[in-house]
Amino acid sequence: MSCAWACLASSATCNWSFAGGAQVGLLGRGLIPGRPDSQFSIGVAHGILSRGFRDSLRDAGEDASAGETGVEITYQDSLALFLTVQPDLQYIRRPYAGAGRRDTFVVGLRLIASFERH
């Protein structure tokens with residue numbers, strides 16, 4: 001089973017770092033033969049920084065652009081009845097939209113342990 005998703009968001013308040021954004025992605029389940037619990041997902045997100053947050057960055061001496069964009073790839077699978085592993089890779093272009101900031105590559109690993117009785 002696979003699915004696609006999309007999200008648009010907007011914030012009317014100036015108290016948030018982000019004023020809005022958009023996300024799209026794909027999720028595939030059971031794509032690997034013999035691994036019915038496996039899930040693979042890829043998504044792209046763009047966040048639009050609020051004017052107030054950009055002004056704060058400029059006040060701190062940073063050159064701020066309007067937004068940041070990220071791409072995320074993740075895979076999740078059960079290693080045992082009680083243990084699920086999910087490695088995650090993210091690439092973020094202009095983190096916090098700082099024009100002088102270097103693009104960022106993030107590597108993560110989530111372990112989910114379930115102690116339920118089966």
# chains A, B, ... in the order shown; residues from 1 in each chain; ligands from 1

call {"tool": "residues_around", "arguments": {"residues": "A:Gly25", "least_positions_apart": "6", "cutoff": "6 Å", "atoms": "only C-alpha atoms", "output": "PyMOL selection string"}}
result
chain A and resi 4-5+42-43

call {"tool": "write_last_selection", "arguments": {"atoms": "N, CA and C atoms", "output": "mmCIF file, in the first residue's frame"}}
result
data_model
loop_
_atom_site.group_PDB
_atom_site.id
_atom_site.type_symbol
_atom_site.label_atom_id
_atom_site.label_comp_id
_atom_site.auth_asym_id
_atom_site.auth_seq_id
_atom_site.Cartn_x
_atom_site.Cartn_y
_atom_site.Cartn_z
ATOM 1 N N ALA A 4 0.219 9.241 -1.207
ATOM 2 C CA ALA A 4 0.846 10.553 -1.382
ATOM 3 C C ALA A 4 0.144 11.525 -0.455
ATOM 4 N N TRP A 5 0.859 12.556 -0.029
ATOM 5 C CA TRP A 5 0.250 13.536 0.861
ATOM 6 C C TRP A 5 0.769 14.926 0.523
ATOM 7 N N ILE A 42 9.557 9.667 1.260
ATOM 8 C CA ILE A 42 10.338 10.813 0.815
ATOM 9 C C ILE A 42 9.413 12.023 0.799
ATOM 10 N N GLY A 43 9.930 13.150 1.241
ATOM 11 C CA GLY A 43 9.111 14.353 1.284
ATOM 12 C C GLY A 43 9.945 15.598 1.049
#

call {"tool": "select_by_dssp", "arguments": {"residues": "chain A", "states": "strand (DSSP E)", "output": "PyMOL selection string"}}
result
chain A and resi 2-10+18-29+39-49+67-80+83-93+104-113

call {"tool": "residues_around", "arguments": {"residues": "A:Ser38", "least_positions_apart": "6", "cutoff": "6 Å", "atoms": "only C-alpha atoms", "output": "list in words"}}
result
Arg29, Gly30, Gln76 and Asp77 of chain A

call {"tool": "atom_distance", "arguments": {"atom1": "atom CA of A:Asp88", "atom2": "atom CA of A:Ile73"}}
result
6.0 Å

call {"tool": "select_by_dssp", "arguments": {"residues": "chain A", "states": "helix (DSSP H, G or I)", "output": "list in words"}}
result
Arg51, Gly52, Phe53, Arg54, Asp55, Ser56, Leu57, Arg58, Asp59, Pro95, Tyr96 and Ala97 of chain A

call {"tool": "write_last_selection", "arguments": {"atoms": "C-alpha atoms", "output": "PDB file, in the first residue's frame"}}
result
ATOM      1  CA  ARG A  51       8.580  38.968   8.752  1.00  0.00           C
ATOM      2  CA  GLY A  52       9.163  39.406  12.500  1.00  0.00           C
ATOM      3  CA  PHE A  53      11.590  36.480  12.618  1.00  0.00           C
ATOM      4  CA  ARG A  54      13.483  37.740   9.563  1.00  0.00           C
ATOM      5  CA  ASP A  55      13.696  41.187  11.197  1.00  0.00           C
ATOM      6  CA  SER A  56      15.113  39.550  14.347  1.00  0.00           C
ATOM      7  CA  LEU A  57      17.753  37.773  12.270  1.00  0.00           C
ATOM      8  CA  ARG A  58      18.692  41.051  10.583  1.00  0.00           C
ATOM      9  CA  ASP A  59      18.880  42.804  13.968  1.00  0.00           C
ATOM     10  CA  PRO A  95      18.406  26.624   7.427  1.00  0.00           C
ATOM     11  CA  TYR A  96      16.480  29.395   9.172  1.00  0.00           C
ATOM     12  CA  ALA A  97      16.789  31.106   5.789  1.00  0.00           C
TER      13      ALA A  97
END

call {"tool": "residues_around", "arguments": {"residues": "stretch 78-85 of chain A", "least_positions_apart": "6", "cutoff": "10 Å", "atoms": "only C-alpha atoms", "output": "list in words"}}
result
Arg35, Pro36, Asp37, Ser38, Gln39, Leu109, Arg110, Leu111, Ile112, Ala113, Ser114, Phe115, Glu116, Arg117 and His118 of chain A

call {"tool": "residues_around", "arguments": {"residues": "A:Arg101", "least_positions_apart": "6", "cutoff": "10 Å", "atoms": "only C-alpha atoms", "output": "JSON, numbers by chain"}}
result
{"A": [62, 63, 64, 93, 94, 95]}

call {"tool": "closest_residue", "arguments": {"among": "A:Val107, A:Ile48, A:Ile92, A:Phe40", "to": "A:Tyr75", "atoms": "only C-alpha atoms"}}
result
A:Phe40

call {"tool": "atom_distance", "arguments": {"atom1": "atom CA of A:Leu8", "atom2": "atom CA of A:Leu31"}}
result
27.8 Å

call {"tool": "residues_around", "arguments": {"residues": "A:Ser2", "least_positions_apart": "3", "cutoff": "8 Å", "atoms": "only C-alpha atoms", "output": "list in words"}}
result
Leu26, Leu27, Gly28 and Arg29 of chain A

call {"tool": "atom_distance", "arguments": {"atom1": "atom CA of A:Ala19", "atom2": "atom CA of A:Leu49"}}
result
5.4 Å
